[in-house]
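Peer 1: One file is attached below, upload_15.cif, containing mmCIF, N, CA and C atoms.
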```
data_start
loop_
_atom_site.label_atom_id
_atom_site.label_comp_id
_atom_site.auth_asym_id
_atom_site.auth_seq_id
_atom_site.Cartn_x
_atom_site.Cartn_y
_atom_site.Cartn_z
N MET A 1 0.53 -9.88 61.41
CA MET A 1 -0.80 -9.97 60.85
C MET A 1 -0.89 -8.95 59.70
N PRO A 2 -1.34 -9.39 58.53
CA PRO A 2 -1.46 -8.47 57.40
C PRO A 2 -2.55 -7.43 57.64
N ALA A 3 -2.29 -6.24 57.17
CA ALA A 3 -3.28 -5.16 57.30
C ALA A 3 -4.35 -5.33 56.23
N GLU A 4 -5.58 -5.05 56.61
CA GLU A 4 -6.70 -5.09 55.67
C GLU A 4 -7.44 -3.77 55.75
N PHE A 5 -7.78 -3.25 54.60
CA PHE A 5 -8.53 -2.01 54.55
C PHE A 5 -9.89 -2.30 53.92
N PHE A 6 -10.92 -1.66 54.44
CA PHE A 6 -12.24 -1.81 53.87
C PHE A 6 -12.99 -0.50 54.04
N CYS A 7 -14.01 -0.33 53.24
CA CYS A 7 -14.82 0.87 53.29
C CYS A 7 -16.10 0.56 54.06
N ALA A 8 -16.33 1.26 55.13
CA ALA A 8 -17.54 1.06 55.92
C ALA A 8 -18.70 1.92 55.43
N ARG A 9 -18.47 2.69 54.41
CA ARG A 9 -19.53 3.54 53.87
C ARG A 9 -20.33 2.74 52.85
N GLY A 10 -21.62 2.87 52.89
CA GLY A 10 -22.45 2.09 51.98
C GLY A 10 -23.51 2.94 51.31
N ASP A 11 -24.47 2.26 50.71
CA ASP A 11 -25.54 2.95 49.99
C ASP A 11 -26.32 3.91 50.89
N ALA A 12 -26.55 3.54 52.14
CA ALA A 12 -27.34 4.39 53.03
C ALA A 12 -26.63 5.72 53.25
N ARG A 13 -25.35 5.67 53.48
CA ARG A 13 -24.59 6.91 53.71
C ARG A 13 -24.51 7.73 52.42
N ALA A 14 -24.33 7.07 51.31
CA ALA A 14 -24.31 7.77 50.02
C ALA A 14 -25.67 8.41 49.75
N GLY A 15 -26.74 7.72 50.13
CA GLY A 15 -28.08 8.28 49.97
C GLY A 15 -28.28 9.55 50.77
N ARG A 16 -27.71 9.58 51.97
CA ARG A 16 -27.80 10.80 52.79
C ARG A 16 -27.05 11.94 52.13
N ALA A 17 -25.94 11.63 51.49
CA ALA A 17 -25.18 12.67 50.79
C ALA A 17 -25.99 13.22 49.63
N VAL A 18 -26.68 12.35 48.90
CA VAL A 18 -27.52 12.80 47.79
C VAL A 18 -28.69 13.63 48.31
N MET A 19 -29.27 13.25 49.42
CA MET A 19 -30.39 14.00 49.99
C MET A 19 -29.96 15.41 50.38
N ALA A 20 -28.69 15.61 50.67
CA ALA A 20 -28.19 16.93 51.04
C ALA A 20 -28.28 17.93 49.89
N LEU A 21 -28.47 17.44 48.67
CA LEU A 21 -28.60 18.34 47.52
C LEU A 21 -29.84 19.22 47.63
N GLY A 22 -30.87 18.72 48.27
CA GLY A 22 -32.10 19.48 48.44
C GLY A 22 -33.18 19.06 47.46
N GLU A 23 -34.41 19.33 47.85
CA GLU A 23 -35.56 18.88 47.07
C GLU A 23 -35.61 19.50 45.68
N ALA A 24 -35.30 20.79 45.57
CA ALA A 24 -35.37 21.45 44.26
C ALA A 24 -34.40 20.81 43.27
N GLN A 25 -33.19 20.50 43.72
CA GLN A 25 -32.20 19.85 42.86
C GLN A 25 -32.66 18.46 42.45
N HIS A 26 -33.25 17.72 43.41
CA HIS A 26 -33.77 16.39 43.11
C HIS A 26 -34.86 16.46 42.04
N ARG A 27 -35.80 17.37 42.23
CA ARG A 27 -36.91 17.49 41.27
C ARG A 27 -36.39 17.85 39.87
N ASP A 28 -35.38 18.71 39.81
CA ASP A 28 -34.79 19.08 38.53
C ASP A 28 -34.13 17.88 37.86
N MET A 29 -33.39 17.08 38.64
CA MET A 29 -32.73 15.89 38.10
C MET A 29 -33.75 14.86 37.64
N ILE A 30 -34.83 14.70 38.39
CA ILE A 30 -35.88 13.76 38.01
C ILE A 30 -36.54 14.20 36.71
N ALA A 31 -36.86 15.49 36.61
CA ALA A 31 -37.51 16.03 35.41
C ALA A 31 -36.63 15.85 34.17
N LYS A 32 -35.32 16.01 34.34
CA LYS A 32 -34.37 15.88 33.23
C LYS A 32 -33.92 14.44 33.02
N ARG A 33 -34.42 13.51 33.87
CA ARG A 33 -34.05 12.09 33.82
C ARG A 33 -32.54 11.90 34.01
N GLU A 34 -31.94 12.70 34.88
CA GLU A 34 -30.51 12.61 35.18
C GLU A 34 -30.29 11.78 36.44
N PRO A 35 -29.39 10.84 36.42
CA PRO A 35 -29.06 10.09 37.64
C PRO A 35 -28.12 10.90 38.53
N ALA A 36 -28.02 10.49 39.77
CA ALA A 36 -27.06 11.08 40.71
C ALA A 36 -26.01 10.01 41.01
N GLU A 37 -24.80 10.43 41.26
CA GLU A 37 -23.74 9.49 41.58
C GLU A 37 -22.88 10.06 42.70
N VAL A 38 -22.57 9.22 43.66
CA VAL A 38 -21.66 9.58 44.75
C VAL A 38 -20.41 8.75 44.57
N TYR A 39 -19.27 9.41 44.54
CA TYR A 39 -17.98 8.71 44.40
C TYR A 39 -17.23 8.85 45.72
N HIS A 40 -16.86 7.73 46.30
CA HIS A 40 -16.10 7.74 47.55
C HIS A 40 -14.62 7.65 47.22
N HIS A 41 -13.91 8.73 47.46
CA HIS A 41 -12.50 8.83 47.05
C HIS A 41 -11.58 7.86 47.78
N LEU A 42 -11.92 7.49 49.00
CA LEU A 42 -11.04 6.62 49.76
C LEU A 42 -11.00 5.20 49.19
N CYS A 43 -12.19 4.65 48.88
CA CYS A 43 -12.23 3.25 48.43
C CYS A 43 -12.46 3.13 46.92
N GLY A 44 -12.86 4.22 46.28
CA GLY A 44 -13.08 4.19 44.84
C GLY A 44 -14.44 3.66 44.42
N ASN A 45 -15.32 3.39 45.39
CA ASN A 45 -16.66 2.91 45.05
C ASN A 45 -17.53 4.05 44.54
N ARG A 46 -18.41 3.71 43.61
CA ARG A 46 -19.39 4.65 43.08
C ARG A 46 -20.77 4.12 43.45
N PHE A 47 -21.61 5.02 43.93
CA PHE A 47 -22.97 4.68 44.31
C PHE A 47 -23.90 5.48 43.41
N GLY A 48 -24.68 4.79 42.58
CA GLY A 48 -25.56 5.44 41.63
C GLY A 48 -27.00 5.45 42.09
N PHE A 49 -27.71 6.53 41.74
CA PHE A 49 -29.11 6.69 42.07
C PHE A 49 -29.84 7.13 40.81
N SER A 50 -30.74 6.28 40.33
CA SER A 50 -31.50 6.57 39.12
C SER A 50 -32.54 7.66 39.41
N PRO A 51 -33.10 8.27 38.36
CA PRO A 51 -34.17 9.24 38.59
C PRO A 51 -35.34 8.62 39.37
N ASN A 52 -35.68 7.36 39.09
CA ASN A 52 -36.73 6.69 39.84
C ASN A 52 -36.33 6.51 41.30
N GLY A 53 -35.07 6.21 41.53
CA GLY A 53 -34.57 6.08 42.91
C GLY A 53 -34.62 7.40 43.64
N LEU A 54 -34.32 8.50 42.94
CA LEU A 54 -34.40 9.82 43.54
C LEU A 54 -35.85 10.15 43.92
N ALA A 55 -36.78 9.80 43.04
CA ALA A 55 -38.19 10.06 43.30
C ALA A 55 -38.64 9.27 44.54
N THR A 56 -38.17 8.04 44.67
CA THR A 56 -38.51 7.22 45.82
C THR A 56 -37.94 7.84 47.10
N MET A 57 -36.73 8.37 47.01
CA MET A 57 -36.11 8.99 48.18
C MET A 57 -36.91 10.20 48.66
N LEU A 58 -37.51 10.93 47.72
CA LEU A 58 -38.31 12.10 48.09
C LEU A 58 -39.64 11.71 48.73
N GLY A 59 -40.09 10.52 48.40
CA GLY A 59 -41.33 10.01 49.01
C GLY A 59 -42.54 10.37 48.29
#
```
Using structure tokens, write down the structure that the file contains.
Peer 2:
Amino acid sequence: MPAEFFCARGDARAGRAVMALGEAQHRDMIAKREPAEVYHHLCGNRFGFSPNGLATMLG
């Protein structure tokens, strides 16, 4: 049987990693209109979060 590899990490897990930056960092990125990006080294996927997305995450 051929081996198959897949990445079980998704946007939700990447979002938790971004939230670990802390509220002050989020507010600074939002004010500067800077996006956040999480790069997963194992699978090579990039998960992007716009400044609007960051604001939504903060609630």
Peer 1: DSSP on the backbone, then: every residue of chain A marked helix (DSSP H, G or I), written as a ChimeraX atom specification.
Peer 2: /A:11-19,23-31,51-58
Peer 1: Tell me which residues the PyMOL selection byres ((chain A and resi 54) around 8) grabs here, as a ChimeraX atom specification.
Peer 2: /A:26-27,29-30,35-36,48-53,55-59
Peer 1: In terms of the shortest atom-to-atom distance over only C-alpha atoms, which of A:Gly10, A:Ala3, A:Met19, A:Ala24 is closest to Tyr39 in chain A?
Peer 2: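 Smallest distance to Tyr39 in chain A is found for A:Gly10.
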Peer 1: Can you give me, as a PyMOL selection string, the residues this file yields under the PyMOL selection byres (((chain A and resi 45-47 and name CA) around 12) and name CA)?
Peer 2: chain A and resi 6-18+35-44+48-50+53
Peer 1: Quick check for you: according to DSSP on this backbone, which residues of chain A are classed as strand (DSSP E or B)? Reply as a PyMOL selection string.
Peer 2: chain A and resi 36-39+46-49
Peer 1: So how many Å separate atom C of Glu4 in chain A and CA of Ala20 in chain A, to one decimal?
Peer 2: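 Between atom C of Glu4 in chain A and CA of Ala20 in chain A the gap is 29.7 Å.
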Peer 1: Once 5 Å is added on each side, what are the centre and the three edge lengths, in Å to one decimal, of the axis-aligned box enclosing the listed atoms of range 36-40 of chain A? Present them as AutoDock Vina command-line options.
Peer 2:
```
--center_x -21.3 --center_y 9.4 --center_z 43.7 --size_x 23.4 --size_y 13.4 --size_z 17.8
```
